[in-house]
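**Q** Okay, so here is final-v9.json, and as you'll see once you scroll down, it has JSON, C-alpha atoms.
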[["chain", "number", "residue", "atom", "x", "y", "z"],
["A", 124, "MET", "CA", 327.21, 90.30, 94.70],
["A", 125, "LYS", "CA", 326.38, 93.88, 95.66],
["A", 126, "LEU", "CA", 328.44, 97.09, 95.51],
["A", 127, "MET", "CA", 327.76, 99.84, 98.04],
["A", 128, "THR", "CA", 329.50, 103.18, 98.43],
["A", 129, "GLY", "CA", 329.85, 106.06, 100.86],
["A", 130, "ASN", "CA", 330.29, 109.67, 99.80],
["A", 131, "SER", "CA", 334.07, 109.81, 99.47],
["A", 132, "ASN", "CA", 334.41, 108.82, 95.81],
["A", 133, "LEU", "CA", 331.08, 108.45, 94.03],
["A", 134, "LEU", "CA", 332.56, 108.78, 90.52],
["A", 135, "LEU", "CA", 334.95, 105.87, 91.04],
["A", 136, "ALA", "CA", 332.16, 103.76, 92.59],
["A", 137, "ARG", "CA", 329.94, 104.39, 89.56],
["A", 138, "ASP", "CA", 332.76, 103.48, 87.17],
["A", 139, "VAL", "CA", 333.44, 100.24, 89.08],
["A", 140, "ALA", "CA", 329.71, 99.44, 89.03],
["A", 141, "GLY", "CA", 329.74, 100.05, 85.27],
["A", 142, "TYR", "CA", 332.67, 97.67, 84.82],
["A", 143, "LEU", "CA", 330.88, 95.00, 86.86],
["A", 144, "ASP", "CA", 327.59, 95.74, 85.08],
["A", 145, "ILE", "CA", 325.69, 95.94, 88.36],
["A", 146, "PRO", "CA", 323.81, 98.86, 89.97],
["A", 147, "LEU", "CA", 325.07, 100.50, 93.12],
["A", 148, "THR", "CA", 323.19, 99.33, 96.21],
["A", 149, "GLN", "CA", 320.48, 101.81, 97.13],
["A", 150, "ALA", "CA", 321.45, 103.41, 100.44],
["A", 151, "SER", "CA", 321.42, 106.76, 102.23],
["A", 152, "VAL", "CA", 324.64, 107.96, 103.85],
["A", 153, "ARG", "CA", 323.85, 111.31, 105.41],
["A", 154, "ARG", "CA", 324.47, 113.55, 108.41],
["A", 155, "PHE", "CA", 322.33, 114.59, 111.35],
["A", 156, "ALA", "CA", 322.35, 118.26, 112.37],
["A", 157, "ASP", "CA", 325.31, 117.67, 114.72],
["A", 158, "GLU", "CA", 327.27, 115.94, 111.90],
["A", 159, "GLU", "CA", 326.71, 112.39, 113.19],
["A", 160, "VAL", "CA", 326.80, 109.91, 110.31],
["A", 161, "PHE", "CA", 323.64, 107.93, 109.58],
["A", 162, "VAL", "CA", 323.37, 105.03, 107.12],
["A", 163, "GLU", "CA", 320.22, 103.35, 105.86],
["A", 164, "ILE", "CA", 320.24, 100.56, 103.28],
["A", 165, "HIS", "CA", 317.15, 100.58, 101.07],
["A", 166, "GLU", "CA", 317.31, 97.05, 99.68],
["A", 167, "ASN", "CA", 317.67, 93.50, 100.98],
["A", 168, "VAL", "CA", 321.29, 92.39, 101.49],
["A", 169, "ARG", "CA", 320.62, 89.27, 103.58],
["A", 170, "GLY", "CA", 323.01, 86.50, 102.53],
["A", 171, "GLU", "CA", 324.72, 88.71, 99.94],
["A", 172, "ASP", "CA", 328.41, 89.17, 99.18],
["A", 173, "VAL", "CA", 328.70, 92.96, 99.65],
["A", 174, "PHE", "CA", 331.62, 95.21, 98.69],
["A", 175, "VAL", "CA", 331.75, 98.67, 100.33],
["A", 176, "LEU", "CA", 333.85, 101.14, 98.33],
["A", 177, "GLN", "CA", 335.11, 104.07, 100.40],
["A", 178, "SER", "CA", 338.45, 105.90, 100.33],
["A", 179, "THR", "CA", 339.51, 107.44, 103.62],
["A", 180, "GLY", "CA", 341.07, 110.62, 102.28],
["A", 181, "TYR", "CA", 340.12, 114.19, 103.18],
["A", 182, "PRO", "CA", 338.11, 114.62, 105.34],
["A", 183, "ALA", "CA", 339.75, 111.45, 106.64],
["A", 184, "ASN", "CA", 337.84, 111.06, 109.90],
["A", 185, "ASP", "CA", 334.41, 111.66, 108.31],
["A", 186, "ASN", "CA", 335.09, 109.18, 105.51],
["A", 187, "LEU", "CA", 336.45, 106.60, 107.95],
["A", 188, "MET", "CA", 333.32, 106.88, 110.11],
["A", 189, "GLU", "CA", 331.13, 106.47, 107.02],
["A", 190, "LEU", "CA", 333.00, 103.28, 106.15],
["A", 191, "LEU", "CA", 332.70, 101.86, 109.68],
["A", 192, "ILE", "CA", 328.99, 102.65, 109.95],
["A", 193, "CYS", "CA", 328.28, 101.22, 106.48],
["A", 194, "ILE", "CA", 329.99, 98.00, 107.53],
["A", 195, "ASP", "CA", 328.01, 97.89, 110.78],
["A", 196, "ALA", "CA", 324.72, 98.48, 108.94],
["A", 197, "LEU", "CA", 325.51, 95.63, 106.54],
["A", 198, "LYS", "CA", 326.50, 93.28, 109.36],
["A", 199, "ARG", "CA", 323.23, 94.00, 111.19],
["A", 200, "ALA", "CA", 321.34, 93.47, 107.92],
["A", 201, "SER", "CA", 322.79, 89.91, 107.77],
["A", 202, "ALA", "CA", 325.10, 90.29, 104.76],
["A", 203, "ARG", "CA", 326.93, 87.01, 104.22],
["A", 204, "ARG", "CA", 330.34, 88.59, 103.61],
["A", 205, "ILE", "CA", 331.48, 92.23, 103.77],
["A", 206, "THR", "CA", 334.57, 93.41, 101.90],
["A", 207, "ALA", "CA", 335.88, 96.90, 102.65],
["A", 208, "VAL", "CA", 337.21, 98.26, 99.35],
["A", 209, "VAL", "CA", 339.48, 101.13, 100.41],
["A", 210, "PRO", "CA", 341.33, 102.44, 97.33],
["A", 211, "TYR", "CA", 343.22, 104.94, 99.49],
["A", 212, "PHE", "CA", 343.88, 103.75, 103.03],
["A", 213, "GLY", "CA", 344.16, 106.85, 105.23],
["A", 214, "TYR", "CA", 346.47, 106.86, 108.26],
["A", 215, "ALA", "CA", 348.79, 104.50, 106.33],
["A", 216, "ARG", "CA", 351.77, 106.81, 106.89],
["A", 217, "GLN", "CA", 351.45, 106.23, 110.64],
["A", 218, "ASP", "CA", 352.63, 102.64, 110.32],
["A", 219, "ARG", "CA", 355.35, 102.68, 113.00],
["A", 220, "LYS", "CA", 356.55, 104.65, 116.02],
["A", 221, "PRO", "CA", 358.79, 107.48, 114.72],
["A", 222, "GLY", "CA", 359.51, 108.56, 118.28],
["A", 223, "PRO", "CA", 358.58, 107.86, 121.88],
["A", 224, "ARG", "CA", 354.95, 108.14, 123.01],
["A", 225, "THR", "CA", 353.53, 108.20, 119.47],
["A", 226, "PRO", "CA", 350.72, 105.99, 118.08],
["A", 227, "ILE", "CA", 350.68, 103.40, 115.34],
["A", 228, "SER", "CA", 347.43, 104.73, 113.91],
["A", 229, "ALA", "CA", 347.38, 102.46, 110.86],
["A", 230, "LYS", "CA", 347.05, 99.48, 113.20],
["A", 231, "LEU", "CA", 344.26, 101.22, 115.13],
["A", 232, "VAL", "CA", 342.32, 101.86, 111.90],
["A", 233, "ALA", "CA", 342.83, 98.22, 110.87],
["A", 234, "ASN", "CA", 341.36, 97.13, 114.23],
["A", 235, "LEU", "CA", 338.38, 99.48, 113.79],
["A", 236, "ILE", "CA", 337.55, 98.10, 110.34],
["A", 237, "THR", "CA", 337.84, 94.52, 111.60],
["A", 238, "VAL", "CA", 335.75, 95.09, 114.74],
["A", 239, "ALA", "CA", 333.10, 96.93, 112.71],
["A", 240, "GLY", "CA", 332.44, 93.65, 110.92],
["A", 241, "ALA", "CA", 334.48, 93.54, 107.71],
["A", 242, "ASN", "CA", 335.41, 90.03, 106.55],
["A", 243, "ARG", "CA", 338.17, 91.12, 104.19],
["A", 244, "VAL", "CA", 339.86, 94.26, 102.86],
["A", 245, "LEU", "CA", 340.84, 95.33, 99.35],
["A", 246, "SER", "CA", 343.17, 98.32, 98.90],
["A", 247, "VAL", "CA", 345.53, 99.84, 96.32],
["A", 248, "ASP", "CA", 349.23, 100.58, 96.85],
["A", 249, "LEU", "CA", 349.33, 100.54, 100.62],
["A", 250, "HIS", "CA", 352.01, 102.94, 101.82],
["A", 251, "ALA", "CA", 353.82, 100.12, 103.63],
["A", 252, "GLY", "CA", 353.51, 96.42, 102.93],
["A", 253, "GLN", "CA", 353.41, 95.52, 106.61],
["A", 254, "ILE", "CA", 349.98, 97.17, 106.93],
["A", 255, "GLN", "CA", 348.55, 93.96, 105.46],
["A", 256, "GLY", "CA", 349.76, 92.26, 108.63],
["A", 257, "PHE", "CA", 347.93, 94.79, 110.80],
["A", 258, "PHE", "CA", 344.65, 93.13, 109.79],
["A", 259, "ASP", "CA", 343.51, 89.83, 111.25],
["A", 260, "ILE", "CA", 341.33, 89.25, 108.16],
["A", 261, "PRO", "CA", 342.35, 88.54, 104.53],
["A", 262, "THR", "CA", 343.76, 91.67, 102.89],
["A", 263, "ASP", "CA", 344.49, 92.17, 99.19],
["A", 264, "ASN", "CA", 346.87, 94.95, 98.16],
["A", 265, "LEU", "CA", 346.51, 95.84, 94.48],
["A", 266, "PHE", "CA", 349.27, 97.61, 92.55],
["A", 267, "GLY", "CA", 348.82, 100.63, 90.33],
["A", 268, "ALA", "CA", 352.04, 99.87, 88.39],
["A", 269, "PRO", "CA", 350.34, 98.00, 85.49],
["A", 270, "VAL", "CA", 347.97, 100.92, 84.87],
["A", 271, "MET", "CA", 350.84, 103.40, 85.00],
["A", 272, "ALA", "CA", 353.14, 101.26, 82.84],
["A", 273, "ALA", "CA", 350.49, 101.01, 80.12],
["A", 274, "ASP", "CA", 350.08, 104.80, 80.10],
["A", 275, "ILE", "CA", 353.86, 105.38, 80.03],
["A", 276, "GLU", "CA", 354.26, 102.98, 77.10],
["A", 277, "ALA", "CA", 351.42, 104.67, 75.20],
["A", 278, "ARG", "CA", 352.75, 108.22, 75.73],
["A", 279, "TYR", "CA", 356.50, 107.90, 76.16],
["A", 280, "GLY", "CA", 357.32, 104.53, 74.64],
["A", 281, "GLY", "CA", 360.47, 104.56, 72.51],
["A", 282, "GLN", "CA", 362.00, 107.50, 74.36],
["A", 283, "ASN", "CA", 365.14, 107.34, 76.48],
["A", 284, "LEU", "CA", 363.32, 106.47, 79.72],
["A", 285, "MET", "CA", 364.69, 106.24, 83.23],
["A", 286, "VAL", "CA", 362.57, 105.39, 86.29],
["A", 287, "VAL", "CA", 363.43, 107.48, 89.36],
["A", 288, "SER", "CA", 362.56, 106.85, 93.00],
["A", 289, "PRO", "CA", 362.11, 110.15, 94.91],
["A", 290, "ASP", "CA", 363.66, 108.56, 98.02],
["A", 291, "VAL", "CA", 365.48, 105.44, 99.12],
["A", 292, "GLY", "CA", 362.30, 103.95, 100.63],
["A", 293, "GLY", "CA", 360.57, 103.84, 97.24],
["A", 294, "VAL", "CA", 363.23, 101.83, 95.42],
["A", 295, "VAL", "CA", 361.22, 98.58, 95.44],
["A", 296, "ARG", "CA", 358.24, 100.36, 93.88],
["A", 297, "ALA", "CA", 360.44, 102.04, 91.26],
["A", 298, "ARG", "CA", 362.21, 98.80, 90.42],
["A", 299, "ALA", "CA", 358.87, 97.03, 89.87],
["A", 300, "LEU", "CA", 357.78, 99.74, 87.41],
["A", 301, "ALA", "CA", 361.16, 99.72, 85.65],
["A", 302, "LYS", "CA", 360.85, 95.97, 85.16],
["A", 303, "ARG", "CA", 357.48, 96.47, 83.44],
["A", 304, "LEU", "CA", 359.07, 99.08, 81.17],
["A", 305, "ASN", "CA", 361.41, 96.57, 79.54],
["A", 306, "ASN", "CA", 363.90, 96.81, 82.41],
["A", 307, "ALA", "CA", 364.39, 100.56, 82.12],
["A", 308, "PRO", "CA", 367.37, 101.93, 84.10],
["A", 309, "LEU", "CA", 366.83, 103.16, 87.62],
["A", 310, "ALA", "CA", 367.95, 106.25, 89.53],
["A", 311, "ILE", "CA", 367.39, 107.36, 93.14],
["A", 312, "VAL", "CA", 367.00, 110.81, 94.67],
["A", 313, "ASP", "CA", 368.86, 110.93, 97.97],
["A", 314, "LYS", "CA", 367.18, 113.50, 100.23],
["A", 315, "ARG", "CA", 367.31, 114.51, 103.85],
["A", 316, "ARG", "CA", 364.07, 115.52, 105.55],
["A", 317, "GLU", "CA", 364.79, 118.06, 108.27],
["A", 318, "ARG", "CA", 361.21, 118.24, 109.57],
["A", 319, "ALA", "CA", 357.73, 116.98, 108.63],
["A", 320, "GLY", "CA", 356.46, 118.48, 105.39],
["A", 321, "GLU", "CA", 359.88, 119.70, 104.23],
["A", 322, "SER", "CA", 362.55, 117.94, 102.19],
["A", 323, "GLU", "CA", 365.98, 118.87, 100.88],
["A", 324, "VAL", "CA", 367.39, 117.10, 97.84],
["A", 325, "MET", "CA", 371.00, 116.11, 98.42],
["A", 326, "ASN", "CA", 372.15, 113.98, 95.48],
["A", 327, "ILE", "CA", 371.06, 112.03, 92.40],
["A", 328, "ILE", "CA", 372.26, 108.43, 92.36],
["A", 329, "GLY", "CA", 372.46, 107.49, 88.69],
["A", 330, "ASP", "CA", 373.22, 109.20, 85.36],
["A", 331, "VAL", "CA", 370.09, 111.05, 84.19],
["A", 332, "GLU", "CA", 371.78, 113.16, 81.50],
["A", 333, "GLY", "CA", 369.49, 113.38, 78.44],
["A", 334, "ARG", "CA", 366.94, 110.98, 79.94],
["A", 335, "VAL", "CA", 363.15, 111.27, 80.15],
["A", 336, "CYS", "CA", 362.78, 110.68, 83.89],
["A", 337, "ILE", "CA", 359.67, 109.00, 85.31],
["A", 338, "LEU", "CA", 359.31, 109.80, 89.02],
["A", 339, "ILE", "CA", 357.17, 107.18, 90.78],
["A", 340, "ASP", "CA", 355.60, 107.36, 94.24],
["A", 341, "ASP", "CA", 352.53, 106.04, 96.04],
["A", 342, "ILE", "CA", 351.29, 109.26, 97.71],
["A", 343, "VAL", "CA", 351.69, 112.90, 96.71],
["A", 344, "ASP", "CA", 350.57, 115.18, 99.54],
["A", 345, "SER", "CA", 352.32, 118.55, 99.74],
["A", 346, "ALA", "CA", 354.23, 117.70, 96.50],
["A", 347, "GLY", "CA", 357.39, 119.23, 97.99],
["A", 348, "THR", "CA", 359.43, 116.05, 97.58],
["A", 349, "LEU", "CA", 358.39, 115.55, 93.94],
["A", 350, "CYS", "CA", 358.97, 119.18, 92.98],
["A", 351, "ASN", "CA", 362.40, 119.27, 94.65],
["A", 352, "ALA", "CA", 363.30, 115.98, 92.98],
["A", 353, "ALA", "CA", 362.19, 117.30, 89.58],
["A", 354, "ALA", "CA", 364.32, 120.42, 90.00],
["A", 355, "ALA", "CA", 367.35, 118.32, 90.98],
["A", 356, "LEU", "CA", 366.86, 116.00, 87.99],
["A", 357, "LYS", "CA", 366.65, 118.97, 85.62],
["A", 358, "THR", "CA", 369.82, 120.41, 87.13],
["A", 359, "ALA", "CA", 371.51, 117.04, 86.59],
["A", 360, "GLY", "CA", 370.64, 117.20, 82.88],
["A", 361, "ALA", "CA", 367.35, 115.29, 82.56],
["A", 362, "ALA", "CA", 365.59, 116.03, 79.26],
["A", 363, "ASP", "CA", 362.14, 115.86, 80.84],
["A", 364, "VAL", "CA", 360.57, 114.90, 84.18],
["A", 365, "ILE", "CA", 357.12, 113.32, 84.57],
["A", 366, "ALA", "CA", 355.69, 112.08, 87.89],
["A", 367, "TYR", "CA", 353.28, 109.19, 88.43],
["A", 368, "CYS", "CA", 351.61, 108.78, 91.84],
["A", 369, "THR", "CA", 348.79, 106.46, 92.84],
["A", 370, "HIS", "CA", 347.14, 108.62, 95.49],
["A", 371, "GLY", "CA", 346.74, 112.33, 94.82],
["A", 372, "VAL", "CA", 346.16, 113.75, 98.31],
["A", 373, "LEU", "CA", 347.43, 117.18, 97.13],
["A", 374, "SER", "CA", 346.69, 119.15, 100.28],
["A", 375, "GLY", "CA", 347.30, 122.84, 100.94],
["A", 376, "GLY", "CA", 349.21, 124.58, 98.14],
["A", 377, "ALA", "CA", 350.29, 121.36, 96.43],
["A", 378, "VAL", "CA", 348.49, 122.07, 93.14],
["A", 379, "ALA", "CA", 350.07, 125.52, 92.80],
["A", 380, "ARG", "CA", 353.44, 123.99, 93.69],
["A", 381, "VAL", "CA", 353.10, 121.41, 90.89],
["A", 382, "GLU", "CA", 351.96, 124.05, 88.40],
["A", 383, "GLY", "CA", 355.09, 126.12, 89.08],
["A", 384, "SER", "CA", 357.56, 123.23, 89.21],
["A", 385, "ALA", "CA", 359.96, 121.60, 86.77],
["A", 386, "LEU", "CA", 357.51, 118.74, 86.29],
["A", 387, "SER", "CA", 356.03, 118.52, 82.80],
["A", 388, "GLU", "CA", 353.11, 116.52, 84.16],
["A", 389, "LEU", "CA", 351.83, 114.83, 87.30],
["A", 390, "ILE", "CA", 349.64, 111.79, 86.72],
["A", 391, "ILE", "CA", 347.47, 110.51, 89.57],
["A", 392, "THR", "CA", 344.77, 107.86, 89.75],
["A", 393, "ASP", "CA", 341.17, 108.39, 90.84],
["A", 394, "SER", "CA", 341.68, 106.50, 94.12],
["A", 395, "ILE", "CA", 340.78, 109.75, 95.88],
["A", 396, "GLY", "CA", 337.91, 111.98, 94.80],
["A", 397, "SER", "CA", 339.38, 115.18, 93.31],
["A", 398, "HIS", "CA", 338.13, 118.69, 93.94],
["A", 399, "ASP", "CA", 337.77, 121.36, 91.23],
["A", 400, "VAL", "CA", 341.23, 122.89, 91.74],
["A", 401, "ILE", "CA", 342.88, 119.53, 90.95],
["A", 402, "ARG", "CA", 340.60, 118.80, 88.00],
["A", 403, "ASP", "CA", 341.26, 122.24, 86.48],
["A", 404, "ALA", "CA", 345.05, 122.10, 86.87],
["A", 405, "ASN", "CA", 346.97, 122.15, 83.58],
["A", 406, "ARG", "CA", 349.78, 119.83, 84.65],
["A", 407, "ILE", "CA", 347.75, 117.21, 86.54],
["A", 408, "ARG", "CA", 346.13, 114.32, 84.70],
["A", 409, "HIS", "CA", 344.02, 111.42, 85.98],
["A", 410, "LEU", "CA", 344.18, 107.69, 85.27],
["A", 411, "THR", "CA", 341.29, 105.49, 86.30],
["A", 412, "ILE", "CA", 341.74, 102.35, 88.39],
["A", 413, "ALA", "CA", 338.07, 101.36, 88.03],
["A", 414, "PRO", "CA", 338.83, 98.37, 85.73],
["A", 415, "LEU", "CA", 341.57, 97.20, 88.13],
["A", 416, "LEU", "CA", 339.26, 97.40, 91.16],
["A", 417, "GLY", "CA", 336.33, 95.94, 89.23],
["A", 418, "GLU", "CA", 338.33, 92.94, 88.07],
["A", 419, "ALA", "CA", 339.68, 92.32, 91.59],
["A", 420, "ILE", "CA", 336.17, 92.51, 93.04],
["A", 421, "LYS", "CA", 334.90, 90.08, 90.42],
["A", 422, "ARG", "CA", 337.69, 87.62, 91.20],
["A", 423, "ILE", "CA", 337.10, 87.83, 94.95],
["A", 424, "ALA", "CA", 333.38, 87.19, 94.41],
["A", 425, "ASP", "CA", 334.19, 84.24, 92.13],
["A", 426, "GLU", "CA", 336.81, 82.90, 94.59],
["A", 427, "SER", "CA", 339.50, 83.07, 91.89],
["A", 428, "SER", "CA", 343.07, 84.39, 91.97],
["A", 429, "VAL", "CA", 343.67, 88.11, 92.50],
["A", 430, "SER", "CA", 347.48, 87.91, 92.41],
["A", 431, "SER", "CA", 347.37, 86.61, 88.81],
["A", 432, "LEU", "CA", 346.22, 90.11, 87.81],
["A", 433, "PHE", "CA", 349.86, 91.17, 88.11],
["A", 434, "ASP", "CA", 351.62, 88.22, 86.49]]
The structure in this file should be written as structure tokens.

**A**
Amino acid sequence: MKLMTGNSNLLLARDVAGYLDIPLTQASVRRFADEEVFVEIHENVRGEDVFVLQSTGYPANDNLMELLICIDALKRASARRITAVVPYFGYARQDRKPGPRTPISAKLVANLITVAGANRVLSVDLHAGQIQGFFDIPTDNLFGAPVMAADIEARYGGQNLMVVSPDVGGVVRARALAKRLNNAPLAIVDKRRERAGESEVMNIIGDVEGRVCILIDDIVDSAGTLCNAAAALKTAGAADVIAYCTHGVLSGGAVARVEGSALSELIITDSIGSHDVIRDANRIRHLTIAPLLGEAIKRIADESSVSSLFD
């Protein structure tokens, strides 16, 4: 087994390599003067089971091209099996046609990864479950809920907890976390989105009075939804509001928005490499998913069960 990485999330790749107790495959992933991506593998991978770890977050197109070219280089170097390990799958929010004459870009990206030569895909908290069906190769979707539940128990265990979904579409995710937290009660924020990037909180479904509310979502981008939800929960009498999100995209003024919000804390995983502004924020904390990814990679290499990780 070999573990290779692009440039999108070197820290996570090193942590996963440490968990697996193997070195990262020696390779150069660099740019020509015109920003074309060039990949050169500096060791023999013929007949090897190779895992390529690369999130496709910002800059999404550059990181996607790195992933595709890494896969192509491995295929042409005669790797026996290539697994694309994509902790954050970019373009996942474009999983359907929201209107006429619009693309389903998540399907296009799935086709690109498959045609490039990947034999299977490993990701974490895909935005929509149906994206697994966009691939014509085996696809494993890991869940961040066990990592988050362990952290919630360690920090907030014994308090009057309530799990809150920031929208109706996230109820399944929130229910799964609530089940892990000894069947904690569940509330839902009913919101109406007038236009992309903006949200208006309309109503809180559930009694949050005096509760420590745990907001749960898969992606935090502009953070508008989370911050509006936190304000609504506080208005409804919540004692405290903490948010847990798997993928911290945090684009634009999201960090400043979180810092000035009613959220006590936003916890994100290291599925996306963070820049200095995120790392220096007072209200944003990181959880690592390196052991989760490392264990899944080990089980795939050993041909053992991945789903039993979440039993």

**Q** If you measure from CA of Ala385 (chain A) to CA of Lys302 (chain A), what distance in Å do you get, rounded to one decimal?

**A**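 These two atoms are separated by 25.7 Å.
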
**Q** Find the residues of region 203-293 of chain A that sit at most 12 Å from region 387-409 of chain A; for each, write down the nearest two atoms and how far apart they are in Å, to one decimal. Count all atoms listed in the file. Sort by chain, then by number going up, and give it as a tab-separated table.

**A**
residue	atom	partner	partner_atom	distance
A:Val208	CA	A:Ser394	CA	10.7
A:Val209	CA	A:Ser394	CA	8.6
A:Pro210	CA	A:Ser394	CA	5.2
A:Tyr211	CA	A:Ser394	CA	5.8
A:Phe212	CA	A:Ser394	CA	9.6
A:Gly213	CA	A:Ile395	CA	10.4
A:Ser246	CA	A:Ser394	CA	9.6
A:Val247	CA	A:Ser394	CA	8.0
A:Asp248	CA	A:Ser394	CA	10.0
A:Leu249	CA	A:Ser394	CA	11.7
A:Leu265	CA	A:Ser394	CA	11.7
A:Phe266	CA	A:Thr392	CA	11.5
A:Gly267	CA	A:Thr392	CA	8.3
A:Ala268	CA	A:Thr392	CA	10.9
A:Val270	CA	A:Thr392	CA	9.1
A:Met271	CA	A:Ile390	CA	8.6
A:Ala272	CA	A:Ile390	CA	11.8
A:Asp274	CA	A:Ile390	CA	9.6
A:Ile275	CA	A:Ile390	CA	10.2
A:Arg278	CA	A:Glu388	CA	11.8

**Q** Name the closest residue to Cys193 (chain A) among the candidates A:Met285, A:Ile236, A:Val343, A:Ala277; distances are taken between atoms, counting all atoms listed in the file.

**A** A:Ile236

**Q** Skipping near chain neighbours, those fewer than 2 positions away, what residues fall within 12 Å of Leu235 (chain A) using only C-alpha atoms, listed as a PyMOL selection string?

**A** chain A and resi 187-188+190-192+194-195+207+228-233+237-241+257-259

**Q** Looking at A:Gly329, A:Pro414, A:Gly292, A:Gly141, which one is nearest to Pro308 (chain A), with distances taken over only C-alpha atoms?

**A**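 Among A:Gly329, A:Pro414, A:Gly292, A:Gly141, it is A:Gly329 that comes nearest to Pro308 (chain A).
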
**Q** Excluding region 154-166 of chain A and its own-chain neighbours fewer than 5 positions away, which residues fall within 9 Å of it when counting all atoms listed in the file? Please give them as a list in words.

**A**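 Selected residues are Thr148, Gln149, Asp185, Met188, Glu189, Ile192, Cys193, Ala196, Leu197 and Ala200 of chain A.
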
**Q** Emit a file covering region 180-185 of chain A of the preceding structure with all heavy atoms, as a PDB file, in the first residue's frame.

**A**
ATOM      1  N   GLY A 180     -11.264  21.516  -2.469  1.00  0.00           N
ATOM      2  CA  GLY A 180     -11.732  22.819  -2.027  1.00  0.00           C
ATOM      3  C   GLY A 180     -10.965  23.926  -2.731  1.00  0.00           C
ATOM      4  O   GLY A 180     -10.254  23.691  -3.711  1.00  0.00           O
ATOM      5  N   TYR A 181     -11.069  25.151  -2.213  1.00  0.00           N
ATOM      6  CA  TYR A 181     -10.451  26.312  -2.840  1.00  0.00           C
ATOM      7  C   TYR A 181      -8.931  26.157  -2.925  1.00  0.00           C
ATOM      8  O   TYR A 181      -8.294  25.755  -1.952  1.00  0.00           O
ATOM      9  CB  TYR A 181     -10.781  27.564  -2.036  1.00  0.00           C
ATOM     10  CG  TYR A 181     -10.130  28.821  -2.580  1.00  0.00           C
ATOM     11  CD1 TYR A 181     -10.724  29.538  -3.603  1.00  0.00           C
ATOM     12  CD2 TYR A 181      -8.904  29.258  -2.080  1.00  0.00           C
ATOM     13  CE1 TYR A 181     -10.130  30.674  -4.113  1.00  0.00           C
ATOM     14  CE2 TYR A 181      -8.295  30.395  -2.588  1.00  0.00           C
ATOM     15  CZ  TYR A 181      -8.906  31.095  -3.594  1.00  0.00           C
ATOM     16  OH  TYR A 181      -8.312  32.212  -4.108  1.00  0.00           O
ATOM     17  N   PRO A 182      -8.322  26.450  -4.112  1.00  0.00           N
ATOM     18  CA  PRO A 182      -8.973  26.716  -5.401  1.00  0.00           C
ATOM     19  C   PRO A 182      -9.454  25.401  -6.020  1.00  0.00           C
ATOM     20  O   PRO A 182      -8.647  24.524  -6.367  1.00  0.00           O
ATOM     21  CB  PRO A 182      -7.861  27.362  -6.230  1.00  0.00           C
ATOM     22  CG  PRO A 182      -6.583  26.845  -5.643  1.00  0.00           C
ATOM     23  CD  PRO A 182      -6.847  26.594  -4.184  1.00  0.00           C
ATOM     24  N   ALA A 183     -10.766  25.273  -6.150  1.00  0.00           N
ATOM     25  CA  ALA A 183     -11.382  23.992  -6.495  1.00  0.00           C
ATOM     26  C   ALA A 183     -10.873  23.430  -7.808  1.00  0.00           C
ATOM     27  O   ALA A 183     -10.562  22.230  -7.903  1.00  0.00           O
ATOM     28  CB  ALA A 183     -12.902  24.144  -6.541  1.00  0.00           C
ATOM     29  N   ASN A 184     -10.769  24.246  -8.835  1.00  0.00           N
ATOM     30  CA  ASN A 184     -10.397  23.741 -10.158  1.00  0.00           C
ATOM     31  C   ASN A 184      -8.935  23.292 -10.180  1.00  0.00           C
ATOM     32  O   ASN A 184      -8.596  22.265 -10.782  1.00  0.00           O
ATOM     33  CB  ASN A 184     -10.645  24.803 -11.222  1.00  0.00           C
ATOM     34  CG  ASN A 184     -12.110  25.174 -11.321  1.00  0.00           C
ATOM     35  OD1 ASN A 184     -12.988  24.361 -11.053  1.00  0.00           O
ATOM     36  ND2 ASN A 184     -12.385  26.414 -11.683  1.00  0.00           N
ATOM     37  N   ASP A 185      -8.046  24.052  -9.523  1.00  0.00           N
ATOM     38  CA  ASP A 185      -6.634  23.662  -9.454  1.00  0.00           C
ATOM     39  C   ASP A 185      -6.475  22.338  -8.718  1.00  0.00           C
ATOM     40  O   ASP A 185      -5.743  21.446  -9.159  1.00  0.00           O
ATOM     41  CB  ASP A 185      -5.820  24.747  -8.745  1.00  0.00           C
ATOM     42  CG  ASP A 185      -5.634  25.989  -9.600  1.00  0.00           C
ATOM     43  OD1 ASP A 185      -6.074  25.967 -10.769  1.00  0.00           O
ATOM     44  OD2 ASP A 185      -5.056  26.968  -9.099  1.00  0.00           O
TER      45      ASP A 185
END
